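Colleague: My questions all concern the structure below.
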Amino acid sequence: MSWTPPPLDTKRLHLRPQPIASQEKARGSNSLPNRRLGLPSNWQIFHKATDKAIGFVGFIRWERDTGCAEIGFWLERAHRGQGLMAEALRSVLAFGFNRMGLDRIEALCQPSNPASERVLSRIGMQREGIVRGHLHAKAEPETFHLYAITRADWLRTG
Ligand SMILES: CC(C)(COP(=O)(O)OP(=O)(O)OC[C@H]1O[C@@H](n2cnc3c(N)ncnc32)[C@H](O)[C@@H]1OP(=O)(O)O)[C@@H](O)C(=O)NCCC(=O)NCCS
């Protein structure tokens, strides 16, 4: 399924839609094809100060019948630790709830990834549990922490 979101703007970032073919190239052969995950599309992140691409953010799974989607994200090392991903993710959550009509947004992160867990907490997602033996971005099943934010959470805190 092909779906192209509009560009989004935040205080420090431009989020520009990234074509699905270049996403697959960037992810490499050791990852699942996006279409198998039901990936609609995602955004490349550009820093407004330089207009250079510094990462990506997007919905890596979208279950239209249940109104649930999952986010994925990555930032170049040199740009970490400045709150940039939290800034990008807030605008993606707003887009998901306001424009895609989602009722629930999930994220899966490896237990050994405290920076990711910290970002997810900061944007209002709650840790709900552990998902074991899950086939995700890599070819081998892994264990993940499941985070989520519901529309009700978003309206209460957003
Ligand atoms: C996860 C990631 C996107 C975070 O982006 P970021 O813009 O650096 O996030 P922030 O600047 O908001 O910083 C993250 C927070 O984690 C904290 N943190 C970073 N490394 C940490 C560590 N090893 N242990 C504990 N906390 C850590 C930071 O201090 C910061 O805390 P704060 O919110 O109190 O300031 C980035 O590290 C990344 O791209 N990692 C590789 C890809 C990845 O893991 N993607 C997520 C898959 S689920």
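Labels for the structure tokens follow display order: chains A, B, ..., residues from 1 in each chain, ligands from 1.
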Output as a Markdown table one row per residue of chain A within 6 Å of ligand 1: the closest atom pair and its distance in Å to one decimal place, counting only C-alpha atoms and all ligand atoms, sorted by chain and residue number ascending.
Modeller:
```
| residue | atom | partner | partner_atom_place_in_ligand_line | distance |
| --- | --- | --- | --- | --- |
| A:Gly72 | CA | ligand 1 | 48 (S) | 5.9 |
| A:Phe73 | CA | ligand 1 | 45 (N) | 5.0 |
| A:Trp74 | CA | ligand 1 | 39 (O) | 3.6 |
| A:Leu75 | CA | ligand 1 | 39 (O) | 3.6 |
| A:Arg80 | CA | ligand 1 | 8 (O) | 3.2 |
| A:Gly81 | CA | ligand 1 | 11 (O) | 3.2 |
| A:Gln82 | CA | ligand 1 | 11 (O) | 3.9 |
| A:Gly83 | CA | ligand 1 | 11 (O) | 3.3 |
| A:Leu84 | CA | ligand 1 | 7 (O) | 4.2 |
| A:Met85 | CA | ligand 1 | 7 (O) | 3.9 |
| A:Ala86 | CA | ligand 1 | 12 (O) | 5.2 |
| A:Leu108 | CA | ligand 1 | 48 (S) | 5.4 |
| A:Cys109 | CA | ligand 1 | 48 (S) | 3.8 |
| A:Pro114 | CA | ligand 1 | 24 (N) | 4.7 |
| A:Ala115 | CA | ligand 1 | 16 (O) | 3.5 |
| A:Ser116 | CA | ligand 1 | 1 (C) | 3.7 |
| A:Arg118 | CA | ligand 1 | 16 (O) | 4.7 |
| A:Val119 | CA | ligand 1 | 12 (O) | 5.1 |
```
Colleague: Find, counting only C-alpha atoms, the residue in A:Ile105, A:Ala49, A:Arg156, A:Phe95 that gets nearest to A:Trp62.
Modeller: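 Under the stated criterion, the closest residue is A:Ile105.
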Colleague: Nearest to A:Lys11: which of A:Ile54, A:Ala88, A:Ile60, A:Cys68 is it, counting only C-alpha atoms?
Modeller: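 Of A:Ile54, A:Ala88, A:Ile60, A:Cys68, the one nearest A:Lys11, counting only C-alpha atoms, is A:Ala88.
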Colleague: Applying 10 Å and only C-alpha atoms, which residues near A:Gln126 remain after dropping the ones on its own chain fewer than 3 positions away? List them as number ranges by chain.
Modeller: A: 106-107, 117, 120-123, 129, 146-150, 153
Colleague: Would you save the residues from that selection as a PDB file, in the first residue's frame, using N, CA and C atoms?
Modeller:
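What follows is the written file result.pdb:
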```
ATOM      1  N   GLU A 106       1.512   2.924  18.956  1.00  0.00           N
ATOM      2  CA  GLU A 106       2.428   2.050  19.708  1.00  0.00           C
ATOM      3  C   GLU A 106       3.871   2.271  19.292  1.00  0.00           C
ATOM      4  N   ALA A 107       4.788   1.841  20.133  1.00  0.00           N
ATOM      5  CA  ALA A 107       6.209   1.793  19.792  1.00  0.00           C
ATOM      6  C   ALA A 107       6.809   0.575  20.476  1.00  0.00           C
ATOM      7  N   GLU A 117      13.581   4.674  25.281  1.00  0.00           N
ATOM      8  CA  GLU A 117      12.534   4.592  26.312  1.00  0.00           C
ATOM      9  C   GLU A 117      12.282   5.966  26.928  1.00  0.00           C
ATOM     10  N   LEU A 120      10.263   8.090  24.478  1.00  0.00           N
ATOM     11  CA  LEU A 120       8.864   7.651  24.418  1.00  0.00           C
ATOM     12  C   LEU A 120       8.099   8.114  25.656  1.00  0.00           C
ATOM     13  N   SER A 121       8.734   8.043  26.830  1.00  0.00           N
ATOM     14  CA  SER A 121       8.076   8.527  28.058  1.00  0.00           C
ATOM     15  C   SER A 121       7.840  10.023  27.978  1.00  0.00           C
ATOM     16  N   ARG A 122       8.834  10.745  27.471  1.00  0.00           N
ATOM     17  CA  ARG A 122       8.719  12.206  27.412  1.00  0.00           C
ATOM     18  C   ARG A 122       7.579  12.678  26.528  1.00  0.00           C
ATOM     19  N   ILE A 123       7.252  11.904  25.510  1.00  0.00           N
ATOM     20  CA  ILE A 123       6.157  12.327  24.621  1.00  0.00           C
ATOM     21  C   ILE A 123       4.810  11.760  25.085  1.00  0.00           C
ATOM     22  N   GLY A 129       4.185  -3.286  28.643  1.00  0.00           N
ATOM     23  CA  GLY A 129       4.600  -4.664  28.876  1.00  0.00           C
ATOM     24  C   GLY A 129       5.744  -5.095  27.992  1.00  0.00           C
ATOM     25  N   LEU A 146       6.926  -2.771  25.047  1.00  0.00           N
ATOM     26  CA  LEU A 146       5.820  -2.154  24.306  1.00  0.00           C
ATOM     27  C   LEU A 146       5.405  -0.847  24.990  1.00  0.00           C
ATOM     28  N   TYR A 147       5.406   0.231  24.214  1.00  0.00           N
ATOM     29  CA  TYR A 147       4.910   1.532  24.679  1.00  0.00           C
ATOM     30  C   TYR A 147       3.690   1.908  23.851  1.00  0.00           C
ATOM     31  N   ALA A 148       2.780   2.682  24.465  1.00  0.00           N
ATOM     32  CA  ALA A 148       1.616   3.138  23.694  1.00  0.00           C
ATOM     33  C   ALA A 148       1.045   4.419  24.283  1.00  0.00           C
ATOM     34  N   ILE A 149       0.352   5.163  23.419  1.00  0.00           N
ATOM     35  CA  ILE A 149      -0.435   6.318  23.845  1.00  0.00           C
ATOM     36  C   ILE A 149      -1.789   6.202  23.149  1.00  0.00           C
ATOM     37  N   THR A 150      -2.854   6.408  23.920  1.00  0.00           N
ATOM     38  CA  THR A 150      -4.197   6.336  23.334  1.00  0.00           C
ATOM     39  C   THR A 150      -4.683   7.739  23.002  1.00  0.00           C
ATOM     40  N   ASP A 153      -5.415   9.518  26.170  1.00  0.00           N
ATOM     41  CA  ASP A 153      -4.186  10.054  26.802  1.00  0.00           C
ATOM     42  C   ASP A 153      -3.795  11.364  26.124  1.00  0.00           C
TER      43      ASP A 153
END
```
Colleague: Output as an MDAnalysis selection string all residues of stretch 105-138 of chain A that backbone DSSP marks as strand (DSSP E or B).
Modeller: chainID A and resid 105:109 126:134 138
Colleague: Those residues with all heavy atoms, as a tab-separated table (two decimals), in the first residue's frame please?
Modeller:
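Listed below is the output, out.tsv:
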```
chain	number	residue	atom	x	y	z
A	105	ILE	N	-1.43	4.70	19.35
A	105	ILE	CA	-0.13	4.66	18.68
A	105	ILE	C	0.84	3.89	19.56
A	105	ILE	O	0.96	4.17	20.77
A	105	ILE	CB	0.38	6.09	18.38
A	105	ILE	CG1	-0.61	6.81	17.45
A	105	ILE	CG2	1.77	6.02	17.74
A	105	ILE	CD1	-0.25	8.27	17.15
A	106	GLU	N	1.51	2.92	18.96
A	106	GLU	CA	2.43	2.05	19.71
A	106	GLU	C	3.87	2.27	19.29
A	106	GLU	O	4.15	2.80	18.21
A	106	GLU	CB	2.07	0.58	19.44
A	106	GLU	CG	0.68	0.20	19.87
A	106	GLU	CD	0.35	-1.26	19.59
A	106	GLU	OE1	1.10	-1.93	18.82
A	106	GLU	OE2	-0.66	-1.74	20.14
A	107	ALA	N	4.79	1.84	20.13
A	107	ALA	CA	6.21	1.79	19.79
A	107	ALA	C	6.81	0.57	20.48
A	107	ALA	O	6.43	0.24	21.60
A	107	ALA	CB	6.92	3.06	20.27
A	108	LEU	N	7.73	-0.07	19.79
A	108	LEU	CA	8.44	-1.19	20.38
A	108	LEU	C	9.90	-0.80	20.47
A	108	LEU	O	10.47	-0.31	19.49
A	108	LEU	CB	8.32	-2.44	19.50
A	108	LEU	CG	6.95	-3.11	19.45
A	108	LEU	CD1	6.98	-4.27	18.44
A	108	LEU	CD2	6.54	-3.64	20.82
A	109	CYS	N	10.51	-0.99	21.64
A	109	CYS	CA	11.95	-0.70	21.70
A	109	CYS	C	12.68	-1.80	22.45
A	109	CYS	O	12.11	-2.47	23.31
A	109	CYS	CB	12.23	0.68	22.26
A	109	CYS	SG	12.02	0.83	23.98
A	126	GLN	N	3.14	5.33	27.45
A	126	GLN	CA	3.31	4.54	28.67
A	126	GLN	C	3.82	3.15	28.33
A	126	GLN	O	3.37	2.56	27.34
A	126	GLN	CB	1.97	4.40	29.39
A	126	GLN	CG	1.48	5.71	29.95
A	126	GLN	CD	0.15	5.54	30.66
A	126	GLN	OE1	-0.14	4.50	31.23
A	126	GLN	NE2	-0.67	6.58	30.61
A	127	ARG	N	4.69	2.64	29.20
A	127	ARG	CA	5.16	1.27	28.99
A	127	ARG	C	4.07	0.30	29.44
A	127	ARG	O	3.61	0.37	30.57
A	127	ARG	CB	6.44	1.03	29.77
A	127	ARG	CG	7.03	-0.32	29.49
A	127	ARG	CD	8.42	-0.45	30.05
A	127	ARG	NE	8.65	-1.83	30.44
A	127	ARG	CZ	9.70	-2.24	31.12
A	127	ARG	NH1	10.62	-1.38	31.49
A	127	ARG	NH2	9.85	-3.50	31.44
A	128	GLU	N	3.67	-0.59	28.55
A	128	GLU	CA	2.55	-1.48	28.85
A	128	GLU	C	2.99	-2.92	29.10
A	128	GLU	O	2.24	-3.70	29.65
A	128	GLU	CB	1.54	-1.47	27.69
A	128	GLU	CG	0.86	-0.11	27.53
A	128	GLU	CD	-0.24	-0.13	26.49
A	128	GLU	OE1	-0.27	-1.06	25.65
A	128	GLU	OE2	-1.07	0.79	26.52
A	129	GLY	N	4.19	-3.29	28.64
A	129	GLY	CA	4.60	-4.66	28.88
A	129	GLY	C	5.74	-5.09	27.99
A	129	GLY	O	6.43	-4.26	27.39
A	130	ILE	N	5.90	-6.40	27.92
A	130	ILE	CA	7.01	-6.99	27.16
A	130	ILE	C	6.45	-7.87	26.04
A	130	ILE	O	5.48	-8.61	26.26
A	130	ILE	CB	7.92	-7.82	28.09
A	130	ILE	CG1	8.63	-6.88	29.07
A	130	ILE	CG2	8.93	-8.63	27.31
A	130	ILE	CD1	9.50	-7.57	30.08
A	131	VAL	N	7.01	-7.72	24.86
A	131	VAL	CA	6.61	-8.54	23.71
A	131	VAL	C	7.78	-9.46	23.39
A	131	VAL	O	8.88	-8.98	23.10
A	131	VAL	CB	6.29	-7.65	22.49
A	131	VAL	CG1	5.90	-8.48	21.29
A	131	VAL	CG2	5.18	-6.65	22.85
A	132	ARG	N	7.56	-10.76	23.47
A	132	ARG	CA	8.66	-11.71	23.26
A	132	ARG	C	8.58	-12.37	21.89
A	132	ARG	O	7.50	-12.55	21.34
A	132	ARG	CB	8.62	-12.79	24.34
A	132	ARG	CG	8.84	-12.25	25.73
A	132	ARG	CD	8.70	-13.34	26.76
A	132	ARG	NE	7.42	-14.01	26.63
A	132	ARG	CZ	7.22	-15.33	26.76
A	132	ARG	NH1	8.23	-16.12	27.05
A	132	ARG	NH2	6.03	-15.85	26.62
A	133	GLY	N	9.73	-12.74	21.36
A	133	GLY	CA	9.79	-13.50	20.11
A	133	GLY	C	9.11	-12.80	18.95
A	133	GLY	O	8.43	-13.44	18.14
A	134	HIS	N	9.29	-11.49	18.87
A	134	HIS	CA	8.58	-10.70	17.86
A	134	HIS	C	9.48	-10.41	16.66
A	134	HIS	O	10.62	-9.96	16.83
A	134	HIS	CB	8.12	-9.39	18.51
A	134	HIS	CG	7.28	-8.55	17.60
A	134	HIS	ND1	6.04	-8.93	17.16
A	134	HIS	CD2	7.52	-7.34	17.05
A	134	HIS	CE1	5.55	-7.98	16.38
A	134	HIS	NE2	6.43	-7.01	16.29
A	138	LYS	N	14.34	-6.57	12.14
A	138	LYS	CA	15.39	-7.51	11.70
A	138	LYS	C	14.78	-8.86	11.33
A	138	LYS	O	13.62	-9.12	11.60
A	138	LYS	CB	16.41	-7.68	12.82
A	138	LYS	CG	17.08	-6.36	13.21
A	138	LYS	CD	18.59	-6.54	13.29
A	138	LYS	CE	19.29	-5.21	13.45
A	138	LYS	NZ	19.29	-4.73	14.80
```
Colleague: Give me, please, the distance in Å between atom CA of A:Gly124 and atom CA of A:Ala69, quoted to one decimal.
Modeller: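 Between these atoms lies a distance of 15.7 Å.
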Colleague: I'd like to know which residues of chain A are helix (DSSP H, G or I) (by DSSP, run on the backbone); could you write them as a PyMOL selection string?
Modeller: chain A and resi 20-27+34-37+77-79+84-98+114-122+151-157
Colleague: For the residues selected in the previous step, produce a file with C-alpha atoms as a CSV table (one decimal), in the first residue's frame.
Modeller:
```
chain,number,residue,atom,x,y,z
A,20,ILE,CA,9.2,4.0,0.0
A,21,ALA,CA,12.0,2.8,-2.4
A,22,SER,CA,14.7,4.9,-0.7
A,23,GLN,CA,13.5,3.7,2.7
A,24,GLU,CA,14.0,0.1,1.7
A,25,LYS,CA,17.4,0.9,0.2
A,26,ALA,CA,18.4,2.6,3.5
A,27,ARG,CA,17.2,-0.2,5.7
A,34,ASN,CA,8.3,-2.3,4.5
A,35,ARG,CA,5.2,-3.6,2.6
A,36,ARG,CA,5.2,-6.7,4.7
A,37,LEU,CA,4.8,-4.5,7.8
A,77,ARG,CA,24.5,10.2,16.4
A,78,ALA,CA,25.9,13.7,16.1
A,79,HIS,CA,22.4,15.1,16.6
A,84,LEU,CA,15.2,16.7,18.5
A,85,MET,CA,13.5,13.3,18.3
A,86,ALA,CA,10.9,14.2,21.0
A,87,GLU,CA,10.2,17.3,18.9
A,88,ALA,CA,9.7,15.3,15.7
A,89,LEU,CA,7.7,12.6,17.4
A,90,ARG,CA,5.2,15.1,19.0
A,91,SER,CA,4.3,16.4,15.5
A,92,VAL,CA,4.0,12.8,14.2
A,93,LEU,CA,1.7,11.9,17.1
A,94,ALA,CA,-0.4,15.0,16.4
A,95,PHE,CA,-0.6,14.1,12.8
A,96,GLY,CA,-1.6,10.5,13.7
A,97,PHE,CA,-4.4,11.5,16.0
A,98,ASN,CA,-5.7,14.6,14.2
A,114,PRO,CA,17.3,3.6,27.5
A,115,ALA,CA,17.5,6.7,25.2
A,116,SER,CA,14.5,5.5,23.2
A,117,GLU,CA,12.5,4.6,26.3
A,118,ARG,CA,13.2,8.1,27.7
A,119,VAL,CA,12.0,9.8,24.5
A,120,LEU,CA,8.9,7.7,24.4
A,121,SER,CA,8.1,8.5,28.1
A,122,ARG,CA,8.7,12.2,27.4
A,151,ARG,CA,-6.3,9.1,21.9
A,152,ALA,CA,-7.7,9.7,25.4
A,153,ASP,CA,-4.2,10.1,26.8
A,154,TRP,CA,-3.4,12.5,24.0
A,155,LEU,CA,-6.4,14.6,24.6
A,156,ARG,CA,-5.8,14.7,28.3
A,157,THR,CA,-2.1,15.6,28.1
```
Colleague: Can you work out which one of A:Leu8, A:Leu135, A:Ile45, A:Val57 has the shortest atom-to-atom distance to A:Arg99, counting only C-alpha atoms?
Modeller: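 Between A:Leu8, A:Leu135, A:Ile45, A:Val57, the residue approaching A:Arg99 most closely is A:Leu8.
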Colleague: Given only C-alpha atoms as the basis, pick out the residue of A:His145, A:Arg104, A:Arg16, A:His136 nearest to A:Gln44.
Modeller: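 Of A:His145, A:Arg104, A:Arg16, A:His136, the one nearest A:Gln44, counting only C-alpha atoms, is A:Arg16.
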Colleague: Enter the distance from atom CA of A:Ser112 to atom CA of A:Trp43, in Å, rounded to one decimal.
Modeller: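 Between atom CA of A:Ser112 and atom CA of A:Trp43 the gap is 25.2 Å.
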Colleague: I'd like the interatomic distance between atom CA of A:Phe59 and atom CA of A:Thr10, to a tenth of an Å.
Modeller: 17.7 Å
